[in-house]
Each structure stands twice: as structure tokens, then as C-alpha cells.
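Undergrad: The structure that follows is given in the form of C-alpha cells.
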Amino acid sequence: MTRTPMPYDGYAHLLDRVREHGLRWLEGLPDRPVHPPADLDVLAEALGGPLPETGADPVQVLDTLVAAAEPALVASAGPRFFGYVIGGSLPAATAADLMAVLWDQNAGLVDSSPPAAVTERVASAWLLDLLRLPVDATVGFATGGGTANYVCLAAARDAVLARAGWDVAADGLQGAPTVRVMVGADRHSTVDTALRYLGLGERRAVPVDTDDQGRMLVPALTSALSSAQDGPAVVVAAAGNVNSGAFDPLADVVSTAHQAAAWVHVDGAFGLWAAANPATRHLVDGAGGADSWAVDAHKWLNTPYDCGLAVVADRAAHLRAMTAAGSYLIKDVATPDPLDLVPEFSRRARGLAVWAALRSLGRAGVADLVERCCAHARLFAELLDAVDGLTVLNQVVLDQVMIRLADDDVLTRALQQAVVAEGTAFVSPTVWRGSAAIRISVVGWSTSREDVERTAAVIARLAGELQQGG
Ligand SMILES: *Cc1c(COP(=O)(O)O)cnc(C)c1O
């Protein structure tokens, strides 16, 4: 066989440069300032002003991009980034994601990439097993937990309206029976955006009272449901409050909601991973009885961005809400295509990284990842609670720790900023029960006990200086 000349003969050099830049980044991650200050104007200037009239060599383009971006990159994939809920990327997942880019598969249809579709199917079965969800549930590979909430709540809306004799796909919401939506008072904001996208209205959602950890109070849910009468109803529960890490009492929430024929959706973006660890599994007792679940792979499974999973028990409802058809599509009607389960039509093969993460960790590795992070969170709580003036605000049941300095908003905000400016670690600000707090989230595979001790020492030192007015 003769070799066809490549339309571009620089791949070897280009990929060598990618390897060089990538390796420098990955190997430097533990030692970089975690969140260096960035000047957006400087960045924009380095990236080059108005659209160039002429093109440039790919290697030069790559080098320009890296030189401009690197000084301002956030080491959120590193071992001491404890802000938001961000977990970095496992080596196998990073490698598989690179292959997704190199192969450039369109994962929308089985026919447009059989390996992309089958990795998603295999990974889905593994995930359902690991998270103790119904084995025949359908899994859509979406961009994140927010989109997954949207997909699941679309299925919920359509299904509860179908039971009331209304076909929302065909007839829309105008003139439809009212759908009552009950949400925990401490829900994640993407639940509200999903309700907005779905025409259900943020303000129409009924907030159900929560306790001091942010957990839904079942008696409050019962009374909210009884005032909803028999009409279509949806309850949105939380597995893992984004501030406290707390779980709604899921078994009771599910049975209470199901008695009222409501659909139960569980927002478990990071918290559902508790199911994969024997030591935290009790937190999600009863979650498998719900109707849909949102969970992120890019948080605690440590795949690269972006990947969230929309899981729906009622396959027909999931398909009805998301399916896409077209005379030019090659489709097997018996098995859904990946595009039948998410809003996107064409998209990247994000299942490759999920498959690789699960394959590289195995059941024991995922359990260990979750447990190690929880142990780190407990260590943070222990070390910080011992510091003069610092208070841990939540029961540390999972990966989240909230602290406050001297019971003072100004000092607490100043401490968060001082920690970030110091450069060793990143922690994020939040507001809890009306007061400023600092949120520490531990979901990264690469964080060690030493990283936690080092970070706690920095927080302790800065807390001391701030209290002395330093
Ligand atoms: C992060 C998060 C979301 C949103 O997920 P994205 O992946 O950022 O879209 C939703 N709910 C909870 C509880 C979260 O922690």
C-alpha cells in the first residue's frame, strides 16, 4: 500500500509542542501559584487585537496561545484548589479526552461514531451500578450538572403533564394544567435556571423549608404537597448541598412525594458519588427510588470539563423530552442515539473520558477517591476548628467545609481574599444563613494529607494576622 501524502505534514512537530507545553503544565501544577492575578486587558493584548488579515502556522498559533494564557491559568486541576466544587482530571481521563479531540468524533449518532456511543453505553451501565441507580435507567451525557438538571426536569415536566392528559411536546405550555414544583429552600441555582428554561417559572417554584444544614424538612414538604392537591407535581431534592454538603432525607422525601404522585428529581451533582463509597453510602439511602438524577463526572469523578450526566428512570419520558429526528439521520429506532438523551445534536465524545476514569479506578478506586476526599475534609475541619477565632459552620458529612472568622463578615471576606492572594491554595467565598463564610471543597484525586495541612497552616496564619489587625 502506498502512503497518501498528508494534507498537513507538521503533525509530528505540532504534537511534540503539545506534549512539551502539556507536560510543563501538568508537572508544574502542584507548585504554581494556584490563582495568579490576571489582567484581562493584558491577556487580550497578548492574544492579538483585531482579526488578523492573514493566517499563521499551527505551531506558531499554539505557541502564541500558550505564551499568552499560561501566566494567568488557574491551577484548578491541582492539589490545593478547594474552591467551588472542582476536582481536576485523572491521568487516564485526560488521555482519553485528548483522544476525543484527536479523533474528532461526532458523538450524536451511533452511526457517526460507534465507539463513542458504545463507550457511553458501557460507562452508563458502570455508573448506574456504582451509584446504585436502576439498571434500566437512561443516561444522557450533557455538559454539566446544570444541563443535567434541565434535561431531567424536562422529562419530569413532560411526564407529569402526560399523566394529566397533556402533550407538552406537541402543544406547549399555553393552556396546560399547572405543574407545581417544590424545591428545597437551599437548592442549587441551576435548578432555578432549569425551571426558567422550561417555562415553569422560577418564582412559581414552592420553596420547602430546610434545617440548619440545608436539608429539606419532610413535614414542610408534606404540607406543600397537600396544598398542591392532585395536579401534576415535581419535587426537586438535593444530594449534597453546595455549601454544607448535606443531604435531604432522600428516602422520606421520595416516599412522601410518591404518595402524592409527584416526580422526584435528585440534584446530586457531586453528592451522588457518596453512593460509591461504603462509608458514605448511607447518606444517599433511598435515592435510587427517585425518578431522575443529575450527577457530574467533571466534579468528583475527576474527568476533564465538560461532562454531566442526566439519568432518568422512565426511558420513554427521557426520550420523549429530548429526542431529535430527521429524515437524513441513520437511526435504529429500537436503541436511542446519544442525541436522543441530551439537548445537543452534534457534540464531542465526552463518554470516552468517563469510561477511562471508571476503567482506571475500578469500583475500589472510586470508593477510595471519595473516602480520601472526605477524610481530607474532616482533617480540614479538625485543624481549622482548633484555630483561634475560626468556626466550622457545618457538620462535615462529605467533602464540604464552611468556616467563618471571628463571627465577622468583613474579617471572613478578608481572610478568603488573603488566602487566594497568598497563592498556596484557593478557597471560595459564600454566604450561609445571611453571613459571610468561606467554602472549602475537597474533590480532587491529587490532594494529599500534606496539601491539607499546608493549606490549613496558611489559613491559620492569615486568620491570626487579620485578627491582630495585620
Ligand atoms: C455544580 C453543581 C451544579 C451545576 O453543575 P455544573 O456542572 O456546574 O453545570 C448543580 N447542582 C449542584 C448541587 C452542584 O454542586
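Letters A, B, ... mark the chains of the C-alpha cells in the order given; residue numbers begin at 1 per chain; ligand numbers begin at 1, in order shown.
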With a cut-off of 10 Å, could you pull out the residues of chain A touching ligand 1 and give me the nearest pair of atoms for each, distance in Å to one decimal, using only C-alpha atoms and all ligand atoms, ordered by chain and ascending number, as CSV?
TA:
```
residue,atom,partner,partner_atom_place_in_ligand_line,distance
A:Tyr84,CA,ligand 1,1 (C),7.7
A:Val85,CA,ligand 1,1 (C),6.3
A:Ile86,CA,ligand 1,1 (C),8.4
A:Ala142,CA,ligand 1,9 (O),9.1
A:Thr143,CA,ligand 1,9 (O),6.9
A:Gly144,CA,ligand 1,7 (O),3.5
A:Gly145,CA,ligand 1,5 (O),3.3
A:Gly146,CA,ligand 1,9 (O),3.6
A:Thr147,CA,ligand 1,9 (O),5.9
A:Ala148,CA,ligand 1,9 (O),7.5
A:Asn149,CA,ligand 1,10 (C),7.1
A:Tyr150,CA,ligand 1,9 (O),9.8
A:Asp186,CA,ligand 1,13 (C),9.7
A:Arg187,CA,ligand 1,13 (C),7.3
A:His188,CA,ligand 1,11 (N),5.0
A:Ser189,CA,ligand 1,10 (C),7.2
A:Thr190,CA,ligand 1,10 (C),5.6
A:Val191,CA,ligand 1,10 (C),7.2
A:Ala237,CA,ligand 1,13 (C),9.8
A:Ala238,CA,ligand 1,13 (C),6.8
A:Ala239,CA,ligand 1,13 (C),7.2
A:Gly240,CA,ligand 1,13 (C),5.9
A:Asn241,CA,ligand 1,13 (C),5.7
A:Val242,CA,ligand 1,15 (O),4.9
A:Asn243,CA,ligand 1,15 (O),8.6
A:Gly245,CA,ligand 1,13 (C),8.7
A:Val266,CA,ligand 1,13 (C),9.3
A:Asp267,CA,ligand 1,11 (N),5.7
A:Gly268,CA,ligand 1,13 (C),5.7
A:Ala269,CA,ligand 1,12 (C),4.6
A:Phe270,CA,ligand 1,15 (O),5.7
A:Gly271,CA,ligand 1,13 (C),7.3
A:Leu272,CA,ligand 1,13 (C),9.6
A:Ala294,CA,ligand 1,11 (N),7.7
A:Val295,CA,ligand 1,5 (O),7.9
A:Asp296,CA,ligand 1,7 (O),5.7
A:Ala297,CA,ligand 1,7 (O),8.2
A:His298,CA,ligand 1,7 (O),6.9
A:Lys299,CA,ligand 1,7 (O),7.2
A:Tyr305,CA,ligand 1,7 (O),8.6
A:Asp306,CA,ligand 1,7 (O),7.5
A:Cys307,CA,ligand 1,7 (O),7.1
A:Gly308,CA,ligand 1,7 (O),5.9
A:Leu309,CA,ligand 1,7 (O),9.1
```
Undergrad: Looking only at the backbone, which of the residues in segment 218-265 of chain A does DSSP tag as strand (DSSP E or B), as a VMD selection string?
TA: chain A and resid 233 to 239 247 263 to 265
Undergrad: I'd like the neighbourhood of segment 116-126 of chain A as a ChimeraX atom specification, where a residue qualifies if any of its atoms comes within 10 Å (using only C-alpha atoms), though same-chain residues fewer than 2 positions away should be ignored.
TA: /A:100,105-114,128-141,309,311,336-339,348-359,362-363
Undergrad: In Å, how far is it from atom CA of Ala69 of chain A to atom CA of Arg439 of chain A?
TA: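 Going from atom CA of Ala69 of chain A over to atom CA of Arg439 of chain A, I get 27.1 Å.
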Undergrad: Among the residues of segment 261-396 of chain A, find those DSSP assigns to helix (DSSP H, G or I) from the backbone and print them as a ChimeraX atom specification.
TA: /A:271-276,281-284,287-289,315-322,338-340,351-385
Undergrad: With only C-alpha atoms as the atoms that count, which of A:Thr455, A:Asn277, A:Ala44, A:Leu26 lies nearest to Ala68 of chain A?
TA: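 Smallest distance to Ala68 of chain A is found for A:Ala44.
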Undergrad: Can I get the residues of segment 222-270 of chain A within 10 Å of segment 201-212 of chain A, each with the closest pair of atoms and their distance in Å to one decimal, using only C-alpha atoms, sorted chain first then ascending number, as a Markdown table?
TA:
```
| residue | atom | partner | partner_atom | distance |
| --- | --- | --- | --- | --- |
| A:Thr222 | CA | A:Val208 | CA | 9.4 |
| A:Ser223 | CA | A:Val208 | CA | 9.2 |
| A:Ala224 | CA | A:Val208 | CA | 7.2 |
| A:Leu225 | CA | A:Val206 | CA | 9.7 |
| A:Ala228 | CA | A:Val206 | CA | 9.9 |
| A:Val234 | CA | A:Ala205 | CA | 9.6 |
| A:Val235 | CA | A:Val206 | CA | 9.4 |
| A:Val236 | CA | A:Val208 | CA | 9.8 |
| A:Ala237 | CA | A:Val208 | CA | 10.0 |
| A:Ser244 | CA | A:Asp212 | CA | 9.6 |
| A:Ala246 | CA | A:Asp212 | CA | 9.8 |
| A:Asp248 | CA | A:Thr210 | CA | 8.7 |
```
Undergrad: Would you mind listing what lies within 12 Å of Asp252 of chain A as a ChimeraX atom specification, with only C-alpha atoms counted and same-chain residues fewer than 5 positions away left out?
TA: /A:215-222,237,247,257-259,264,284-287,289-290
